[in-house]
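Engineer: Have a peek at protein-v1.cif (mmCIF, C-alpha atoms).
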data_target
loop_
_atom_site.label_atom_id
_atom_site.label_comp_id
_atom_site.auth_asym_id
_atom_site.auth_seq_id
_atom_site.Cartn_x
_atom_site.Cartn_y
_atom_site.Cartn_z
CA MET A 1186 59.55 34.04 -93.53
CA ARG A 1187 57.08 31.19 -93.11
CA LEU A 1188 55.67 29.15 -95.92
CA LEU A 1189 53.85 25.92 -96.47
CA MET A 1190 55.89 23.13 -98.01
CA THR A 1191 55.41 19.43 -98.44
CA ALA A 1192 57.90 16.84 -97.21
CA SER A 1193 58.57 15.79 -100.80
CA GLN A 1194 59.66 19.37 -101.57
CA ILE A 1195 62.08 19.29 -98.64
CA ARG A 1196 63.58 15.92 -99.59
CA GLY A 1197 66.59 16.38 -101.83
CA LEU A 1198 67.14 20.02 -100.80
CA PRO A 1199 70.80 20.94 -100.25
CA VAL A 1200 71.96 21.63 -96.70
CA VAL A 1201 73.97 24.85 -96.79
CA THR A 1202 75.96 26.55 -94.03
CA VAL A 1203 75.08 30.16 -93.23
CA ARG A 1204 78.63 31.05 -92.18
CA GLY A 1205 80.60 29.32 -94.91
CA GLY A 1206 78.10 29.01 -97.73
CA GLU A 1207 79.17 25.40 -98.12
CA ASP A 1208 76.86 22.80 -99.57
CA VAL A 1209 77.47 20.02 -97.05
CA ALA A 1210 74.70 17.45 -97.58
CA GLU A 1211 71.23 16.91 -98.89
CA VAL A 1212 68.00 15.92 -97.18
CA ARG A 1213 67.15 12.21 -97.31
CA ASP A 1214 64.29 11.30 -94.94
CA VAL A 1215 61.97 13.61 -93.01
CA ILE A 1216 61.18 12.60 -89.42
CA PHE A 1217 58.30 14.17 -87.52
CA SER A 1218 56.39 13.77 -84.31
CA PRO A 1219 52.67 13.25 -84.93
CA GLU A 1220 51.99 13.88 -81.23
CA ALA A 1221 53.85 17.17 -80.96
CA GLY A 1222 53.01 18.21 -84.51
CA ARG A 1223 56.53 19.27 -85.31
CA LEU A 1224 59.54 18.31 -87.37
CA LEU A 1225 62.10 16.31 -85.36
CA GLY A 1226 64.88 16.30 -87.91
CA VAL A 1227 66.12 14.89 -91.17
CA THR A 1228 68.54 12.21 -92.23
CA LEU A 1229 71.09 13.13 -94.87
CA ASN A 1230 72.73 12.02 -98.08
CA LYS A 1231 76.23 13.03 -99.05
CA ARG A 1232 76.49 15.38 -102.00
CA GLY A 1233 77.36 13.99 -105.41
CA PHE A 1234 75.78 12.01 -108.21
CA LEU A 1235 76.29 8.56 -106.73
CA ALA A 1236 76.97 9.55 -103.14
CA GLY A 1237 75.12 7.46 -100.61
CA ARG A 1238 73.76 7.99 -97.16
CA SER A 1239 75.57 10.23 -94.73
CA ARG A 1240 76.16 8.91 -91.24
CA ASP A 1241 75.40 12.32 -89.73
CA VAL A 1242 71.87 13.53 -89.15
CA LEU A 1243 70.31 16.94 -88.69
CA PRO A 1244 68.03 17.38 -85.65
CA ALA A 1245 65.42 20.15 -85.88
CA GLU A 1246 67.26 22.16 -83.20
CA ALA A 1247 70.29 22.41 -85.48
CA ILE A 1248 68.29 23.74 -88.43
CA HIS A 1249 68.64 27.49 -88.86
CA ALA A 1250 65.90 27.78 -91.47
CA ILE A 1251 64.11 25.80 -94.15
CA GLY A 1252 63.42 27.60 -97.39
CA GLN A 1253 62.16 26.74 -100.83
CA ASP A 1254 65.63 26.06 -102.19
CA ALA A 1255 67.79 24.99 -99.26
CA VAL A 1256 67.93 23.91 -95.65
CA MET A 1257 70.22 26.32 -93.81
CA VAL A 1258 72.46 25.39 -90.87
CA LEU A 1259 74.86 27.69 -89.07
CA ASP A 1260 78.01 25.71 -89.84
CA THR A 1261 79.28 22.22 -90.58
CA PRO A 1262 79.31 21.05 -86.92
CA SER A 1263 75.52 21.47 -86.98
CA LEU A 1264 75.46 18.04 -88.59
CA VAL A 1265 75.34 15.65 -85.67
CA ALA A 1266 76.76 12.16 -85.30
CA PRO A 1267 74.07 9.56 -84.48
CA GLU A 1268 75.49 9.05 -80.99
CA ASP A 1269 74.83 12.70 -80.15
CA ALA A 1270 71.43 13.02 -81.84
CA PRO A 1271 67.97 12.30 -80.41
CA ASP A 1272 67.15 8.62 -80.86
CA ASP A 1273 64.10 9.27 -83.09
CA VAL A 1274 66.35 11.04 -85.59
CA ALA A 1275 69.49 8.94 -85.22
CA HIS A 1276 67.61 5.65 -85.59
CA PRO A 1277 64.34 6.46 -87.35
CA ALA A 1278 61.64 3.79 -87.33
CA VAL A 1279 61.75 3.11 -91.08
CA GLU A 1280 58.68 0.88 -90.88
CA ARG A 1281 56.66 3.94 -89.86
CA ASN A 1282 56.84 5.66 -93.24
CA VAL A 1283 53.43 7.34 -93.55
CA ILE A 1284 53.49 7.72 -97.33
CA GLY A 1285 50.94 5.28 -98.74
CA ASP A 1286 49.12 4.85 -95.41
CA ASP A 1287 45.37 4.27 -95.61
CA VAL A 1288 43.44 7.10 -93.97
CA LEU A 1289 40.62 5.54 -91.98
CA THR A 1290 38.10 7.20 -89.71
CA GLU A 1291 37.32 5.74 -86.31
CA GLY A 1292 34.06 4.62 -87.88
CA GLY A 1293 35.92 2.59 -90.50
CA LEU A 1294 35.42 4.90 -93.50
CA SER A 1295 38.36 5.16 -95.88
CA LEU A 1296 39.15 8.76 -96.82
CA GLY A 1297 42.08 7.88 -99.10
CA LYS A 1298 45.81 7.37 -98.91
CA VAL A 1299 48.54 9.63 -97.54
CA THR A 1300 50.65 11.06 -100.35
CA ASP A 1301 52.63 13.72 -98.46
CA LEU A 1302 53.07 15.71 -95.27
CA VAL A 1303 52.46 19.47 -95.15
CA LEU A 1304 54.76 21.62 -93.01
CA LEU A 1305 54.86 25.25 -92.07
CA VAL A 1306 58.53 26.02 -92.47
CA GLY A 1307 60.83 28.96 -91.95
CA SER A 1308 62.71 29.08 -88.71
CA SER A 1309 60.55 26.27 -87.28
CA GLY A 1310 59.02 23.12 -88.64
CA GLU A 1311 55.39 22.86 -87.64
CA ILE A 1312 53.36 20.03 -89.15
CA VAL A 1313 50.09 21.36 -90.52
CA GLY A 1314 48.49 18.33 -92.09
CA TYR A 1315 48.60 15.49 -94.55
CA GLN A 1316 48.13 15.54 -98.29
CA ILE A 1317 45.95 12.62 -99.35
CA GLU A 1318 44.70 11.02 -102.51
CA LYS A 1319 40.99 10.84 -101.88
CA THR A 1320 39.15 7.55 -102.22
CA GLY A 1321 36.87 9.02 -104.85
CA GLY A 1322 39.85 10.40 -106.77
CA GLY A 1323 41.59 13.74 -106.61
CA GLN A 1324 43.88 15.35 -104.10
CA GLY A 1325 42.87 16.56 -100.66
CA TYR A 1326 44.34 17.80 -97.38
CA ILE A 1327 43.49 16.95 -93.77
CA PRO A 1328 44.69 18.90 -90.71
CA LEU A 1329 47.31 17.20 -88.54
CA PRO A 1330 45.65 17.00 -85.14
CA ALA A 1331 43.31 14.67 -86.91
CA GLN A 1332 45.12 11.46 -86.22
CA VAL A 1333 44.09 9.18 -83.42
CA ALA A 1334 46.83 6.72 -84.31
CA VAL A 1335 49.51 6.50 -86.95
CA SER A 1336 51.67 3.62 -88.11
CA GLY A 1337 53.36 2.50 -91.29
CA ALA A 1338 50.08 1.01 -92.48
CA ALA A 1339 47.22 3.29 -91.49
CA LEU A 1340 46.35 6.72 -90.22
CA VAL A 1341 43.28 6.57 -87.98
CA VAL A 1342 41.41 9.87 -87.71
CA PRO A 1343 38.29 11.09 -85.85
CA ASN A 1344 34.99 10.79 -87.69
CA ILE A 1345 34.60 14.56 -88.05
CA THR A 1346 37.76 14.70 -90.19
CA GLU A 1347 35.60 13.87 -93.20
CA GLU A 1348 34.14 17.39 -92.95
CA PHE A 1349 37.61 18.94 -92.96
CA VAL A 1350 39.09 17.35 -96.08
CA LYS A 1351 40.10 20.37 -98.18
CA ASP A 1352 40.99 20.51 -101.84
CA ASP A 1353 43.90 22.95 -101.56
CA LEU A 1354 46.53 24.26 -99.16
CA VAL A 1355 44.72 27.56 -98.68
CA GLY A 1356 41.64 25.67 -97.54
CA LEU A 1357 43.78 23.55 -95.22
CA GLY A 1358 45.34 26.61 -93.56
CA ALA A 1359 41.94 28.09 -92.93
CA SER A 1360 40.48 24.89 -91.55
CA VAL A 1361 43.23 24.01 -89.04
CA ASP A 1362 42.07 26.39 -86.28
CA GLU A 1363 38.42 25.49 -86.75
CA PHE A 1364 39.30 21.81 -86.69
CA ARG A 1365 41.33 22.18 -83.51
CA ALA A 1366 38.46 24.07 -81.89
CA ARG A 1367 36.03 21.29 -82.80
CA LEU A 1368 38.37 18.74 -81.25
CA GLY A 1369 38.69 20.89 -78.15
CA LEU A 1370 42.43 21.35 -78.67
CA SER A 1371 42.41 25.15 -78.60
CA LEU B 1393 83.15 -30.33 -162.30
CA VAL B 1394 82.71 -26.82 -160.86
CA GLY B 1395 82.34 -25.31 -164.29
CA LYS B 1396 79.88 -27.96 -165.44
CA LEU B 1397 77.57 -27.40 -162.47
CA ASN B 1398 77.77 -23.60 -162.88
CA VAL B 1399 78.61 -23.12 -159.23
CA LYS B 1400 80.96 -20.40 -158.06
CA PRO B 1401 84.29 -21.54 -156.68
CA GLY B 1402 84.13 -21.57 -152.92
CA ALA B 1403 80.37 -22.06 -152.82
CA GLY B 1404 78.94 -25.09 -151.13
CA SER B 1405 78.91 -26.36 -147.63
CA GLY B 1406 81.22 -24.32 -145.45
CA GLY B 1407 82.32 -21.94 -148.23
CA LYS B 1408 82.25 -18.21 -147.70
CA ASP B 1409 79.31 -17.78 -150.07
CA ASP B 1410 77.36 -20.65 -148.62
CA PRO B 1411 73.86 -19.21 -147.96
CA SER B 1412 73.47 -21.24 -144.78
CA ARG B 1413 76.71 -19.80 -143.45
CA VAL B 1414 75.58 -16.23 -144.22
CA THR B 1415 72.34 -16.90 -142.38
CA ILE B 1416 74.17 -18.27 -139.36
CA VAL B 1417 76.47 -15.23 -139.22
CA ALA B 1418 73.49 -12.85 -139.50
CA MET B 1419 71.67 -14.66 -136.71
CA GLY B 1420 74.79 -14.46 -134.57
CA VAL B 1421 75.01 -10.71 -135.09
CA ILE B 1422 71.32 -10.25 -134.26
CA GLY B 1423 71.78 -12.38 -131.15
CA TRP B 1424 74.65 -10.23 -129.92
CA VAL B 1425 72.64 -7.07 -130.57
CA ILE B 1426 69.64 -8.43 -128.63
CA LEU B 1427 71.94 -9.51 -125.79
CA ALA B 1428 73.55 -6.06 -125.68
CA VAL B 1429 70.13 -4.37 -125.54
CA ILE B 1430 69.02 -6.65 -122.68
CA VAL B 1431 72.24 -5.95 -120.75
CA VAL B 1432 71.81 -2.19 -121.19
CA VAL B 1433 68.15 -2.26 -120.09
CA VAL B 1434 68.85 -4.44 -117.03
CA ALA B 1435 71.85 -2.30 -116.04
CA SER B 1436 69.78 0.89 -116.38
CA LEU B 1437 66.98 -0.50 -114.23
CA ALA B 1438 69.45 -1.68 -111.59
CA PHE B 1439 71.08 1.75 -111.60
CA VAL B 1440 67.74 3.51 -111.15
CA VAL B 1441 66.68 1.16 -108.31
CA ILE B 1442 70.01 1.48 -106.49
CA ARG B 1443 69.97 5.25 -106.87
CA ARG B 1444 66.42 5.54 -105.58
CA ARG B 1445 67.24 3.35 -102.58
CA ARG B 1446 70.30 5.44 -101.82
CA ARG B 1447 68.33 8.66 -102.16
CA GLY B 1448 65.77 7.50 -99.59
CA GLY B 1449 62.81 9.80 -99.38
CA ARG B 1450 60.67 8.53 -96.55
CA VAL B 1451 58.44 10.53 -94.24
CA ILE B 1452 58.76 8.81 -90.89
CA ALA B 1453 56.44 9.26 -87.93
CA ALA B 1454 58.36 8.97 -84.67
CA LYS B 1455 57.04 6.48 -82.17
CA GLU B 1456 54.62 7.84 -79.60
CA LYS B 1457 56.10 8.36 -76.17
CA VAL B 1458 54.18 6.41 -73.59
#
What do you get writing this file as structure tokens?
Structural biologist:
Amino acid sequence: MRLLMTASQIRGLPVVTVRGGEDVAEVRDVIFSPEAGRLLGVTLNKRGFLAGRSRDVLPAEAIHAIGQDAVMVLDTPSLVAPEDAPDDVAHPAVERNVIGDDVLTEGGLSLGKVTDLVLLVGSSGEIVGYQIEKTGGGQGYIPLPAQVAVSGAALVVPNITEEFVKDDLVGLGASVDEFRARLGLS
Amino acid sequence: LVGKLNVKPGAGSGGKDDPSRVTIVAMGVIGWVILAVIVVVVASLAFVVIRRRRRGGRVIAAKEKV
């Protein structure tokens, strides 16, 4: 099953083992690769009301599935110690949090601010686009291959992205292929 | 003398019915209540901030590979 979810919907989801049915952790931060357009992994919190950060992380390869109500892993050893995890997941660049980034075209036009990340989840974690709060007000979506550069401050996108700002997720899904074709990516 | 001045026994400066003493006690009680409210509000805010920081909730873009 594949469905579109936002990163904010994934954060806080319980991590449950397929084999034992144990609730072993919960999702803390979402880490993605803007270049590859895929989820790299998540950092974790321990379970419990006041429980803090877990030392272990969950690389994308160890995720069995992501659903609306839980992130599934095969068993407890799927949670990986930082020493054994990919560096991007074990030591995420916290200054590169994209939430709140200004979305600017190469021409210097502000399209809004990033409010969330949209993923196609299921057995994989493909990044589809960004949810933005448009400069003129209201919510919009832009397809992922849009960015020229991304940092913790700004998301720089090609000028044609302005034409592909959609008002809903259905519109975003439909525009991704067309957008990629226009950029010569497919 | 007390009877002639028509003043209750015990009244006067420092007595238990001294109006100024009643006022001071009332102000003290109000002060403690205000202090308690401030402590509760500050503690609640601190709890919320600490909990949010512990919960995290960032969406982090990995660094580009050169």
Engineer: Run the PyMOL selection byres ((chain A and resi 1196) around 9) mentally over the shown coordinates, then write out the matched residues as a ChimeraX atom specification, using the chain letters and numbers from the document.
Structural biologist: /A:1191-1195,1197-1199,1211-1215,1227 /B:1448-1450
Engineer: Up to 12 Å from (65.9, 6.7, -81.1) in the file's coordinates: name the residues, counting all atoms listed in the file, as a short mmCIF file (atom, residue, chain, number, x, y, z; two decimals) with C-alpha atoms, in the frame of the given file.
Structural biologist:
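Written out: part01.cif:
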data_model
loop_
_atom_site.label_atom_id
_atom_site.label_comp_id
_atom_site.auth_asym_id
_atom_site.auth_seq_id
_atom_site.Cartn_x
_atom_site.Cartn_y
_atom_site.Cartn_z
CA ILE A 1216 61.18 12.60 -89.42
CA LEU A 1225 62.10 16.31 -85.36
CA GLY A 1226 64.88 16.30 -87.91
CA PRO A 1244 68.03 17.38 -85.65
CA PRO A 1267 74.07 9.56 -84.48
CA GLU A 1268 75.49 9.05 -80.99
CA ASP A 1269 74.83 12.70 -80.15
CA ALA A 1270 71.43 13.02 -81.84
CA PRO A 1271 67.97 12.30 -80.41
CA ASP A 1272 67.15 8.62 -80.86
CA ASP A 1273 64.10 9.27 -83.09
CA VAL A 1274 66.35 11.04 -85.59
CA ALA A 1275 69.49 8.94 -85.22
CA HIS A 1276 67.61 5.65 -85.59
CA PRO A 1277 64.34 6.46 -87.35
CA ALA A 1278 61.64 3.79 -87.33
CA VAL A 1279 61.75 3.11 -91.08
CA ALA B 1453 56.44 9.26 -87.93
CA ALA B 1454 58.36 8.97 -84.67
CA LYS B 1455 57.04 6.48 -82.17
CA GLU B 1456 54.62 7.84 -79.60
CA LYS B 1457 56.10 8.36 -76.17
#
Engineer: Using the chain letters and numbers from the file, which residues does the PyMOL selection byres ((chain A and resi 1242) around 6) grab, as a VMD selection string?
Structural biologist: chain A and resid 1228 to 1229 1241 1243 1264 to 1265
Engineer: Report, in Å to a single decimal, how far apart atom CA of Gly1321 of chain A and atom CA of Asp1352 of chain A are.
Structural biologist: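 About the pair atom CA of Asp1352 of chain A and atom CA of Gly1321 of chain A: they are 12.6 Å apart.
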Engineer: May I ask for the distance between atom CA of Lys1351 of chain A and atom CA of Glu1318 of chain A, given in Å to one decimal place?
Structural biologist: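 That distance, rounded to one decimal, is 11.3 Å.
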Engineer: Which distance in Å separates atom CA of Arg1187 of chain A and atom CA of Ile1284 of chain A, to one decimal?
Structural biologist: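 Computing the Euclidean distance for atom CA of Arg1187 of chain A and atom CA of Ile1284 of chain A yields 24.1 Å.
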Engineer: Apply the PyMOL selection byres ((chain B and resi 1429-1443) around 12) to the structure shown and report the selected residues as a PyMOL selection string.
Structural biologist: (chain A and resi 1230+1233-1238) or (chain B and resi 1422-1428+1444-1449)
Engineer: Mind checking which residues fall within 9 Å of Val1200 of chain A, counting all atoms listed in the file, ignoring those fewer than 3 positions away in the same chain, and posting them as a list in words?
Structural biologist: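 In the requested format, the answer is Glu1207, Asp1208, Val1209, Ala1210, Glu1211, Val1212, Leu1229, Ala1255, Val1256, Met1257 and Val1258 of chain A.
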Engineer: Counting only C-alpha atoms, figure out which residue out of A:Gly1314, A:Pro1343, A:Pro1262, A:Gly1337 gets nearest to chain B.
Structural biologist: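 Nearest candidate to chain B out of A:Gly1314, A:Pro1343, A:Pro1262, A:Gly1337: A:Gly1337.
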Engineer: List as a ChimeraX atom specification the protein and nucleic acid residues near Arg1367 of chain A, meaning an atom at most 12 Å away when all atoms listed in the file are counted, but skip any in the same chain fewer than 6 places from it.
Structural biologist: /A:1328,1330-1331,1343-1346,1348-1349,1360-1361
